Amino acid sequence: MNVRTPTTVAPGETRARSPLYWRYAVEPFVYLSPAVILITLVMLVPLVVGISYSFQSIAILNPLKTGWVGFDNYAALWSDGKFWTALGNTLWWTVASVTLQFGLGLGLALLLNRHFHFRRIVQALVFLPWAVPTFLSALTWAWLFNPVIGPIPHWLAALGILAEPENILGDPDLAMWGPIAANVWFGIPFFAITLLAALQSIPGDLYEAAEMDGASAWQCFTKITLPFLAPMIAITVMLRTIWIANFADLIFVMTGGGPANATQILSSYVFTTAFRKLDFGYASAIAVALLGLLLVYAAILLKIRQKFVKI
Amino acid sequence: MARMELRNVRKSYGSVEVLRDIDLDIDDGEFIVLVGPSGCGKSTLLRMIAGLEPISGGDFLIDGERMNDVRPRDRDIAMVFQSYALYPHMDVARNMGFSMEIRGAPAEERARRVAEAARTLGLDTLLQRLPKELSGGQRQRVAMGRAIIRDPRAFLFDEPLSNLDAALRVEMRLEIARLHQRLGTTMIYVTHDQVEALTLADRIVVLDGGDIQQVGSPLDLYERPANRFVARFIGSPTMNVVPATGAAGGVRLADGARIALPHLGDAGNAVELGIRPEHIDVVGAGAGDLEATAELVEHLGSDTNVYAQVDGLGPMMVRVHGNIAARAGDRLGLKIQARNAHVFAADGTALRRAERSA
Ligand SMILES: Nc1ncnc2c1ncn2[C@@H]1O[C@H](COP(=O)(O)OP(=O)(O)OP(=O)(O)O)[C@@H](O)[C@H]1O
Ligand SMILES: [Mg+2]
């Protein structure tokens, strides 16, 4: 396509306008079109379809009642005790997982940023959990928590944390800790690697200047390291929160949402509603509610980031 | 106020010895400039004094107190980095007041001291800016302000002006000279720039190959270099050095010319003659010590540089004060100002002048 070929223009008509118009108003969109079309097809269309489902009744087991129902699904959601339980569980699951992953990941990144022998090998090994398929890690962790074949209940009992070596995955009060432990193990590398990259980009002479200025190690950390990591922390915590809130694989494999919905989070509730009960309308309504909550969360975090991040 | 002593200070990285047996006494309030070729260990020495680099051997004392194992923050020394190392996420005021913030000084006192330092450095209107919103010269001032505000017992500078353009460099050089005059604090300054070294220093320390080559006042180094290295390193343009054979009362050059050097007691073991471009006079062909052809003549206005090819000796540079009529291709006679000539022995050491060794 050669957009600069002069088009034939009638005498007296302006000749300058149309190529310029082409170049600044139309041409960019021509180049953007493949991406725009692709994004529309793979992201926007499913989104719109999903949202529209939430206003319909689409239950395979109840084919006669298919059709638009307005806000009925949302009204049902409002009075659905299981939804509120799942929402509470989602909060607990997400906050605990992100906090532990971030805290331990940051610690690991700080350790890996020091000089020691075999540093490269250790850095590579740290990344390993990230490379293990979720399904496999979920199964492994489920076995680890199983007192018949796994050591963890026995260790916990020996430490006095558990009264006896029982399976915490079967205890409604404790079951959530199982998937959280697996998730933390799985997610630490992400934080460790991204934060390590950010740490390595901090100029070393800033620490030397701070040391000359009299700063202690802790002051160096709070006044230099943290402000420098802040942009990376904001973005990774946001991404991981959204990802973890939606991340039902571990829970699904380890507990299936049980016992007694004690580990049911919104996304696993969506999954069971859609594929066990085959009620796509209601499942879509739950998904849209989750989407709305995450959007609000992301907006708040971006606002905070704007305020605190100066670099 | 600080008197510093370095006693046989050494530094090695693994098996590589970067500095050996550095012995140096720095008086209270003295302005010391460290010069030397790239990689000779100037920064390393400065960083060892700052405490940022461990000392491999020997003793370093400030006011008689051994500092080898004292942390940088407890040495009470301020340093201005070549990169300035300003904290990019803090505005100018906070950058300058950071050391006081660390010590938990009250906010009013901090603001007062920052304002005071900002006024002397002409930064008053920039206090709320971030470093990235400043020009190179302004950043340099902030870096100096951060050091001044601490009122330390010594200042260290590692090539602080090397990122500035020529005009700004001159201005900041004067600023540093004024600062030293006003505060009278001990300063150690690393530079590549001859002019900075010669104008700022009370004493210059010339480093090469991990050793101190010579310590002395700028004039000392210029007039009485201890060896061939210092002779060629200090002074611009560089000193001409030509092969020579020692003889009683003077030297004989390769082209057969005899240069009488009455001020040297004995030039018997001389192997080279050194003469600065400004210590050679251009005379008519046949009237000088050496015969030469001008290859290139540069008229600088105040001076004239003549790049001459000396018969039987090779190239030599001559700098004449004022303008002379010589042009490329002209035959010239060169007259060496014997009292300003230097002779070097085979190991590079300069033969002492009679008036000093006697
Ligand atoms: N961390 C290090 N590990 C090994 N060798 C080093 C290290 N730091 C410096 N060196 C070596 O020590 C020598 C002196 O370095 P230094 O930075 O002090 O030189 P310098 O005189 O400041 O040079 P320049 O004028 O280029 O700044 C160099 O040969 C350098 O290669
Ligand atoms: Mg250096």
# chains A, B, ... in the order shown; residues from 1 in each chain; ligands from 1
>>> residues_near_ligand(ligand="ligand 1", cutoff="7 Å", atoms="only C-alpha atoms and all ligand atoms", output="list in words")
Tyr13, Val18, Gly36, Pro37, Ser38, Gly39, Cys40, Gly41, Lys42, Ser43, Thr44, Leu45 and His192 of chain B
>>> closest_atom_pairs(of="chain A", to="chain B", cutoff="12 Å", atoms="only C-alpha atoms", output="Markdown table")
| residue | atom | partner | partner_atom | distance |
| --- | --- | --- | --- | --- |
| A:Ile202 | CA | B:Pro88 | CA | 10.5 |
| A:Pro203 | CA | B:Ala85 | CA | 8.2 |
| A:Gly204 | CA | B:Ala85 | CA | 8.9 |
| A:Asp205 | CA | B:Ala85 | CA | 5.8 |
| A:Leu206 | CA | B:Ala85 | CA | 5.3 |
| A:Tyr207 | CA | B:Ala85 | CA | 8.8 |
| A:Glu208 | CA | B:Leu52 | CA | 6.9 |
| A:Ala209 | CA | B:Ala85 | CA | 6.4 |
| A:Ala210 | CA | B:Ser99 | CA | 7.9 |
| A:Glu211 | CA | B:Arg73 | CA | 5.9 |
| A:Met212 | CA | B:Arg73 | CA | 5.2 |
| A:Asp213 | CA | B:Ser99 | CA | 4.7 |
| A:Gly214 | CA | B:Arg73 | CA | 4.3 |
| A:Ala215 | CA | B:Ile102 | CA | 6.0 |
| A:Ser216 | CA | B:Arg73 | CA | 8.4 |
| A:Ala217 | CA | B:Arg73 | CA | 11.1 |
| A:Trp218 | CA | B:Ile102 | CA | 10.9 |
| A:Gln219 | CA | B:Ile102 | CA | 7.6 |
| A:Cys220 | CA | B:Ile102 | CA | 9.8 |
| A:Thr222 | CA | B:Ile102 | CA | 11.3 |
| A:Lys223 | CA | B:His89 | CA | 9.4 |
| A:Ile224 | CA | B:Tyr87 | CA | 7.7 |
| A:Thr225 | CA | B:His89 | CA | 10.8 |
| A:Leu226 | CA | B:His89 | CA | 10.7 |
| A:Pro227 | CA | B:His89 | CA | 7.2 |
| A:Phe228 | CA | B:His89 | CA | 7.8 |
| A:Leu229 | CA | B:His89 | CA | 11.2 |
| A:Ala230 | CA | B:His89 | CA | 10.8 |
| A:Pro231 | CA | B:His89 | CA | 11.6 |
| A:Phe308 | CA | B:His89 | CA | 10.1 |
| A:Val309 | CA | B:His89 | CA | 8.3 |
| A:Lys310 | CA | B:His89 | CA | 5.7 |
| A:Ile311 | CA | B:His89 | CA | 5.7 |
>>> select_by_dssp(residues="stretch 8-224 of chain A", states="alpha helix (DSSP H)", output="short mmCIF file (atom, residue, chain, number, x, y, z; two decimals) with N, CA and C atoms, in the first residue's frame")
data_model
loop_
_atom_site.label_atom_id
_atom_site.label_comp_id
_atom_site.auth_asym_id
_atom_site.auth_seq_id
_atom_site.Cartn_x
_atom_site.Cartn_y
_atom_site.Cartn_z
N ARG A 17 -4.31 18.93 1.12
CA ARG A 17 -5.10 18.43 2.21
C ARG A 17 -5.17 16.92 2.28
N SER A 18 -5.49 16.30 1.15
CA SER A 18 -5.82 14.89 1.26
C SER A 18 -4.63 14.01 1.66
N PRO A 19 -3.40 14.23 1.14
CA PRO A 19 -2.30 13.40 1.64
C PRO A 19 -2.06 13.61 3.14
N LEU A 20 -2.16 14.86 3.59
CA LEU A 20 -1.97 15.13 5.01
C LEU A 20 -3.02 14.42 5.84
N TYR A 21 -4.26 14.54 5.37
CA TYR A 21 -5.36 13.90 6.06
C TYR A 21 -5.09 12.41 6.17
N GLU A 27 -3.86 6.96 8.29
CA GLU A 27 -2.77 6.02 8.15
C GLU A 27 -2.40 5.29 9.45
N PRO A 28 -2.30 5.98 10.60
CA PRO A 28 -1.94 5.27 11.83
C PRO A 28 -2.88 4.13 12.14
N PHE A 29 -4.15 4.35 11.87
CA PHE A 29 -5.12 3.32 12.21
C PHE A 29 -5.03 2.12 11.28
N VAL A 30 -4.58 2.40 10.05
CA VAL A 30 -4.37 1.28 9.13
C VAL A 30 -3.31 0.35 9.71
N TYR A 31 -2.22 0.97 10.20
CA TYR A 31 -1.16 0.14 10.78
C TYR A 31 -1.60 -0.53 12.07
N LEU A 32 -2.45 0.14 12.82
CA LEU A 32 -2.89 -0.42 14.10
C LEU A 32 -3.94 -1.51 13.92
N SER A 33 -4.57 -1.53 12.76
CA SER A 33 -5.77 -2.37 12.61
C SER A 33 -5.56 -3.84 12.97
N PRO A 34 -4.44 -4.48 12.59
CA PRO A 34 -4.34 -5.91 12.96
C PRO A 34 -4.46 -6.10 14.46
N ALA A 35 -3.75 -5.24 15.22
CA ALA A 35 -3.80 -5.38 16.68
C ALA A 35 -5.20 -5.08 17.20
N VAL A 36 -5.80 -4.02 16.67
CA VAL A 36 -7.13 -3.63 17.14
C VAL A 36 -8.13 -4.76 16.88
N ILE A 37 -8.07 -5.31 15.67
CA ILE A 37 -9.01 -6.38 15.32
C ILE A 37 -8.79 -7.59 16.22
N LEU A 38 -7.51 -7.94 16.43
CA LEU A 38 -7.19 -9.11 17.25
C LEU A 38 -7.69 -8.91 18.67
N ILE A 39 -7.42 -7.72 19.23
CA ILE A 39 -7.85 -7.47 20.61
C ILE A 39 -9.36 -7.51 20.72
N VAL A 45 -14.95 -9.16 22.54
CA VAL A 45 -16.13 -9.95 22.19
C VAL A 45 -16.51 -10.92 23.31
N PRO A 46 -15.55 -11.73 23.81
CA PRO A 46 -15.92 -12.63 24.92
C PRO A 46 -16.41 -11.86 26.15
N LEU A 47 -15.81 -10.70 26.38
CA LEU A 47 -16.21 -9.91 27.54
C LEU A 47 -17.67 -9.49 27.42
N VAL A 48 -17.99 -8.95 26.26
CA VAL A 48 -19.37 -8.50 26.05
C VAL A 48 -20.34 -9.68 26.11
N VAL A 49 -19.95 -10.79 25.47
CA VAL A 49 -20.81 -11.98 25.49
C VAL A 49 -21.02 -12.44 26.93
N GLY A 50 -19.91 -12.46 27.70
CA GLY A 50 -19.98 -12.90 29.10
C GLY A 50 -20.91 -12.02 29.90
N ILE A 51 -20.74 -10.68 29.73
CA ILE A 51 -21.60 -9.76 30.48
C ILE A 51 -23.06 -9.95 30.08
N SER A 52 -23.28 -10.16 28.80
CA SER A 52 -24.67 -10.32 28.35
C SER A 52 -25.27 -11.61 28.92
N TYR A 53 -24.45 -12.65 29.07
CA TYR A 53 -24.94 -13.90 29.67
C TYR A 53 -25.49 -13.65 31.07
N ASP A 72 -32.27 -10.51 37.42
CA ASP A 72 -32.64 -11.64 38.27
C ASP A 72 -31.43 -12.37 38.83
N ASN A 73 -30.41 -12.59 37.94
CA ASN A 73 -29.22 -13.30 38.40
C ASN A 73 -28.53 -12.56 39.54
N TYR A 74 -28.49 -11.22 39.39
CA TYR A 74 -27.81 -10.44 40.42
C TYR A 74 -28.61 -10.41 41.72
N ALA A 75 -29.94 -10.39 41.58
CA ALA A 75 -30.78 -10.43 42.78
C ALA A 75 -30.54 -11.74 43.52
N ALA A 76 -30.46 -12.85 42.74
CA ALA A 76 -30.21 -14.15 43.35
C ALA A 76 -28.85 -14.16 44.03
N LEU A 77 -27.88 -13.50 43.38
CA LEU A 77 -26.53 -13.43 43.92
C LEU A 77 -26.53 -12.74 45.28
N TRP A 78 -27.27 -11.62 45.34
CA TRP A 78 -27.33 -10.81 46.56
C TRP A 78 -27.80 -11.64 47.74
N GLY A 81 -26.07 -17.05 50.06
CA GLY A 81 -25.09 -17.15 51.15
C GLY A 81 -23.76 -17.69 50.67
N LYS A 82 -23.81 -18.63 49.72
CA LYS A 82 -22.58 -19.23 49.21
C LYS A 82 -21.70 -18.19 48.52
N PHE A 83 -22.37 -17.22 47.84
CA PHE A 83 -21.61 -16.17 47.17
C PHE A 83 -20.83 -15.35 48.19
N TRP A 84 -21.51 -14.97 49.30
CA TRP A 84 -20.84 -14.14 50.30
C TRP A 84 -19.72 -14.91 50.99
N THR A 85 -19.95 -16.21 51.25
CA THR A 85 -18.86 -17.03 51.79
C THR A 85 -17.67 -17.03 50.84
N ALA A 86 -17.99 -17.26 49.55
CA ALA A 86 -16.91 -17.33 48.56
C ALA A 86 -16.19 -15.99 48.46
N LEU A 87 -16.93 -14.89 48.57
CA LEU A 87 -16.30 -13.57 48.51
C LEU A 87 -15.33 -13.39 49.68
N GLY A 88 -15.81 -13.78 50.88
CA GLY A 88 -14.93 -13.70 52.05
C GLY A 88 -13.70 -14.56 51.87
N ASN A 89 -13.91 -15.78 51.37
CA ASN A 89 -12.78 -16.68 51.14
C ASN A 89 -11.82 -16.10 50.11
N THR A 90 -12.39 -15.48 49.07
CA THR A 90 -11.53 -14.89 48.03
C THR A 90 -10.63 -13.83 48.64
N LEU A 91 -11.21 -12.96 49.48
CA LEU A 91 -10.42 -11.92 50.13
C LEU A 91 -9.29 -12.53 50.95
N TRP A 92 -9.66 -13.49 51.78
CA TRP A 92 -8.71 -14.15 52.66
C TRP A 92 -7.61 -14.83 51.86
N TRP A 93 -8.01 -15.59 50.87
CA TRP A 93 -7.08 -16.33 50.00
C TRP A 93 -6.13 -15.37 49.29
N THR A 94 -6.69 -14.28 48.74
CA THR A 94 -5.87 -13.36 47.96
C THR A 94 -4.92 -12.57 48.86
N VAL A 95 -5.47 -12.01 49.94
CA VAL A 95 -4.63 -11.17 50.81
C VAL A 95 -3.50 -12.01 51.42
N ALA A 96 -3.86 -13.20 51.94
CA ALA A 96 -2.83 -14.04 52.57
C ALA A 96 -1.78 -14.45 51.54
N SER A 97 -2.24 -14.89 50.36
CA SER A 97 -1.28 -15.37 49.36
C SER A 97 -0.37 -14.24 48.89
N VAL A 98 -0.97 -13.09 48.53
CA VAL A 98 -0.15 -12.00 47.99
C VAL A 98 0.82 -11.49 49.05
N THR A 99 0.32 -11.33 50.29
CA THR A 99 1.20 -10.81 51.34
C THR A 99 2.39 -11.74 51.57
N LEU A 100 2.10 -13.04 51.71
CA LEU A 100 3.20 -13.97 51.97
C LEU A 100 4.13 -14.09 50.77
N GLN A 101 3.55 -14.16 49.58
CA GLN A 101 4.39 -14.25 48.38
C GLN A 101 5.28 -13.03 48.27
N PHE A 102 4.69 -11.86 48.50
CA PHE A 102 5.46 -10.63 48.36
C PHE A 102 6.55 -10.53 49.43
N GLY A 103 6.15 -10.78 50.68
CA GLY A 103 7.12 -10.65 51.77
C GLY A 103 8.29 -11.60 51.58
N LEU A 104 7.98 -12.88 51.33
CA LEU A 104 9.05 -13.85 51.18
C LEU A 104 9.82 -13.61 49.88
N GLY A 105 9.10 -13.22 48.83
CA GLY A 105 9.76 -12.94 47.55
C GLY A 105 10.74 -11.80 47.68
N LEU A 106 10.34 -10.74 48.41
CA LEU A 106 11.23 -9.59 48.61
C LEU A 106 12.46 -10.01 49.41
N GLY A 107 12.22 -10.80 50.46
CA GLY A 107 13.34 -11.29 51.25
C GLY A 107 14.32 -12.09 50.41
N LEU A 108 13.75 -12.97 49.59
CA LEU A 108 14.59 -13.81 48.73
C LEU A 108 15.36 -12.95 47.73
N ALA A 109 14.67 -11.94 47.17
CA ALA A 109 15.34 -11.06 46.21
C ALA A 109 16.51 -10.33 46.87
N LEU A 110 16.30 -9.87 48.12
CA LEU A 110 17.38 -9.16 48.82
C LEU A 110 18.56 -10.09 49.07
N LEU A 111 18.25 -11.36 49.41
CA LEU A 111 19.32 -12.33 49.61
C LEU A 111 20.07 -12.60 48.31
N LEU A 112 19.30 -12.79 47.24
CA LEU A 112 19.93 -13.12 45.95
C LEU A 112 20.72 -11.95 45.39
N ARG A 119 25.93 -18.06 42.89
CA ARG A 119 24.75 -17.21 42.89
C ARG A 119 23.87 -17.47 41.67
N ARG A 120 24.51 -17.65 40.51
CA ARG A 120 23.72 -17.84 39.30
C ARG A 120 22.91 -19.12 39.35
N ILE A 121 23.55 -20.17 39.87
CA ILE A 121 22.85 -21.46 39.94
C ILE A 121 21.66 -21.32 40.87
N VAL A 122 21.87 -20.69 42.03
CA VAL A 122 20.78 -20.53 42.99
C VAL A 122 19.66 -19.70 42.38
N GLN A 123 20.04 -18.64 41.65
CA GLN A 123 19.02 -17.82 41.00
C GLN A 123 18.18 -18.64 40.04
N ALA A 124 18.84 -19.53 39.31
CA ALA A 124 18.11 -20.37 38.36
C ALA A 124 17.19 -21.34 39.11
N LEU A 125 17.70 -21.91 40.21
CA LEU A 125 16.91 -22.88 40.96
C LEU A 125 15.66 -22.24 41.56
N VAL A 126 15.81 -21.00 42.00
CA VAL A 126 14.70 -20.30 42.64
C VAL A 126 13.51 -20.20 41.69
N LEU A 128 12.49 -22.34 39.72
CA LEU A 128 11.93 -23.65 39.38
C LEU A 128 10.44 -23.83 39.67
N PRO A 129 9.95 -23.49 40.89
CA PRO A 129 8.54 -23.73 41.18
C PRO A 129 7.62 -23.11 40.13
N TRP A 130 8.07 -21.99 39.59
CA TRP A 130 7.29 -21.28 38.58
C TRP A 130 7.11 -22.14 37.34
N ALA A 131 8.09 -23.01 37.08
CA ALA A 131 8.08 -23.80 35.86
C ALA A 131 7.32 -25.12 36.02
N THR A 134 0.92 -26.29 37.31
CA THR A 134 0.10 -26.06 38.50
C THR A 134 -0.53 -27.34 39.01
N PHE A 135 -1.02 -28.12 38.06
CA PHE A 135 -1.72 -29.34 38.41
C PHE A 135 -0.83 -30.26 39.24
N LEU A 136 0.44 -30.35 38.76
CA LEU A 136 1.40 -31.22 39.44
C LEU A 136 1.72 -30.68 40.84
N SER A 137 1.94 -29.36 40.94
CA SER A 137 2.26 -28.84 42.27
C SER A 137 1.08 -29.01 43.21
N ALA A 138 -0.14 -28.83 42.68
CA ALA A 138 -1.33 -28.99 43.53
C ALA A 138 -1.41 -30.42 44.07
N LEU A 139 -1.20 -31.37 43.20
CA LEU A 139 -1.25 -32.78 43.63
C LEU A 139 -0.17 -33.07 44.67
N THR A 140 1.04 -32.58 44.38
CA THR A 140 2.16 -32.83 45.29
C THR A 140 1.86 -32.25 46.67
N TRP A 141 1.34 -31.01 46.67
CA TRP A 141 1.05 -30.39 47.96
C TRP A 141 -0.09 -31.11 48.68
N ALA A 142 -1.09 -31.57 47.92
CA ALA A 142 -2.18 -32.33 48.54
C ALA A 142 -1.62 -33.57 49.22
N TRP A 143 -0.68 -34.23 48.57
CA TRP A 143 -0.07 -35.43 49.16
C TRP A 143 0.76 -35.07 50.39
N LEU A 144 1.49 -33.93 50.27
CA LEU A 144 2.32 -33.52 51.41
C LEU A 144 1.46 -33.29 52.65
N PHE A 145 0.23 -32.83 52.44
CA PHE A 145 -0.66 -32.54 53.57
C PHE A 145 -1.40 -33.78 54.05
N ILE A 152 4.07 -33.32 56.29
CA ILE A 152 3.76 -32.03 56.92
C ILE A 152 2.90 -32.15 58.18
N PRO A 153 1.80 -32.96 58.17
CA PRO A 153 0.99 -33.05 59.39
C PRO A 153 1.80 -33.54 60.58
N HIS A 154 2.75 -34.46 60.32
CA HIS A 154 3.56 -34.99 61.41
C HIS A 154 4.49 -33.93 61.97
N TRP A 155 5.08 -33.12 61.03
CA TRP A 155 5.95 -32.04 61.48
C TRP A 155 5.16 -31.04 62.32
N LEU A 156 3.97 -30.66 61.79
CA LEU A 156 3.17 -29.67 62.51
C LEU A 156 2.79 -30.19 63.90
N ALA A 157 2.46 -31.49 63.96
CA ALA A 157 2.10 -32.07 65.26
C ALA A 157 3.31 -32.06 66.19
N ALA A 158 4.49 -32.40 65.61
CA ALA A 158 5.70 -32.43 66.43
C ALA A 158 6.02 -31.04 66.98
N TRP A 177 -5.47 -22.95 54.47
CA TRP A 177 -4.01 -22.85 54.58
C TRP A 177 -3.29 -23.77 53.61
N GLY A 178 -3.94 -24.88 53.22
CA GLY A 178 -3.30 -25.83 52.30
C GLY A 178 -3.03 -25.18 50.95
N PRO A 179 -4.10 -24.75 50.25
CA PRO A 179 -3.87 -24.07 48.97
C PRO A 179 -3.02 -22.80 49.11
N ILE A 180 -3.17 -22.09 50.24
CA ILE A 180 -2.35 -20.88 50.40
C ILE A 180 -0.87 -21.24 50.44
N ALA A 181 -0.54 -22.32 51.20
CA ALA A 181 0.85 -22.75 51.27
C ALA A 181 1.37 -23.10 49.88
N ALA A 182 0.57 -23.87 49.13
CA ALA A 182 0.99 -24.25 47.78
C ALA A 182 1.16 -23.01 46.90
N ASN A 183 0.24 -22.08 47.05
CA ASN A 183 0.27 -20.88 46.22
C ASN A 183 1.49 -20.01 46.55
N VAL A 184 1.82 -19.92 47.83
CA VAL A 184 2.97 -19.12 48.23
C VAL A 184 4.24 -19.72 47.63
N TRP A 185 4.35 -21.07 47.77
CA TRP A 185 5.50 -21.76 47.20
C TRP A 185 5.59 -21.50 45.70
N PHE A 186 4.46 -21.53 45.06
CA PHE A 186 4.38 -21.38 43.62
C PHE A 186 4.68 -19.94 43.19
N GLY A 187 4.29 -18.97 44.00
CA GLY A 187 4.34 -17.57 43.57
C GLY A 187 5.55 -16.79 44.02
N ILE A 188 6.32 -17.31 45.00
CA ILE A 188 7.50 -16.57 45.47
C ILE A 188 8.47 -16.24 44.32
N PRO A 189 8.75 -17.21 43.43
CA PRO A 189 9.72 -16.91 42.37
C PRO A 189 9.35 -15.68 41.55
N PHE A 190 8.07 -15.52 41.28
CA PHE A 190 7.64 -14.38 40.48
C PHE A 190 8.10 -13.08 41.14
N PHE A 191 7.79 -12.93 42.43
CA PHE A 191 8.19 -11.71 43.12
C PHE A 191 9.71 -11.63 43.24
N ALA A 192 10.34 -12.76 43.55
CA ALA A 192 11.79 -12.74 43.76
C ALA A 192 12.50 -12.29 42.49
N ILE A 193 12.09 -12.83 41.36
CA ILE A 193 12.79 -12.51 40.11
C ILE A 193 12.50 -11.08 39.67
N THR A 194 11.24 -10.65 39.72
CA THR A 194 10.96 -9.29 39.26
C THR A 194 11.60 -8.26 40.21
N LEU A 195 11.52 -8.52 41.52
CA LEU A 195 12.10 -7.55 42.45
C LEU A 195 13.63 -7.57 42.38
N LEU A 196 14.20 -8.75 42.10
CA LEU A 196 15.65 -8.82 41.95
C LEU A 196 16.09 -7.97 40.76
N ALA A 197 15.33 -8.08 39.66
CA ALA A 197 15.67 -7.25 38.49
C ALA A 197 15.61 -5.78 38.86
N ALA A 198 14.58 -5.40 39.63
CA ALA A 198 14.46 -3.99 40.02
C ALA A 198 15.60 -3.59 40.95
N LEU A 199 15.96 -4.48 41.88
CA LEU A 199 17.06 -4.19 42.81
C LEU A 199 18.36 -3.96 42.06
N GLN A 200 18.57 -4.79 41.03
CA GLN A 200 19.84 -4.70 40.32
C GLN A 200 19.93 -3.43 39.50
N GLY A 204 24.57 1.58 42.39
CA GLY A 204 25.28 1.28 43.63
C GLY A 204 25.80 2.52 44.34
N ASP A 205 26.11 3.58 43.58
CA ASP A 205 26.72 4.74 44.23
C ASP A 205 25.70 5.47 45.12
N LEU A 206 24.41 5.22 44.92
CA LEU A 206 23.43 5.83 45.82
C LEU A 206 23.61 5.28 47.23
N TYR A 207 23.89 3.97 47.33
CA TYR A 207 24.09 3.38 48.64
C TYR A 207 25.37 3.92 49.27
N GLU A 208 26.39 4.11 48.40
CA GLU A 208 27.64 4.65 48.93
C GLU A 208 27.43 6.07 49.42
N ALA A 209 26.67 6.86 48.65
CA ALA A 209 26.40 8.23 49.07
C ALA A 209 25.63 8.23 50.39
N ALA A 210 24.65 7.32 50.49
CA ALA A 210 23.85 7.27 51.72
C ALA A 210 24.72 6.84 52.90
N GLU A 211 25.64 5.91 52.63
CA GLU A 211 26.53 5.44 53.69
C GLU A 211 27.41 6.60 54.18
N MET A 212 27.91 7.40 53.22
CA MET A 212 28.71 8.56 53.60
C MET A 212 27.86 9.56 54.38
N ALA A 217 21.99 0.46 57.65
CA ALA A 217 21.48 -0.47 56.65
C ALA A 217 19.96 -0.35 56.53
N TRP A 218 19.29 -0.23 57.68
CA TRP A 218 17.83 -0.15 57.66
C TRP A 218 17.37 1.15 56.99
N GLN A 219 18.08 2.25 57.28
CA GLN A 219 17.72 3.52 56.64
C GLN A 219 17.95 3.47 55.13
N CYS A 220 19.04 2.80 54.72
CA CYS A 220 19.28 2.63 53.28
C CYS A 220 18.10 1.89 52.66
#
>>> residues_around(residues="B:Gln214", least_positions_apart="3", cutoff="9 Å", atoms="only C-alpha atoms", output="count of residues only")
9
>>> atom_distance(atom1="atom CA of B:Val251", atom2="atom CA of B:Leu313")
14.0 Å
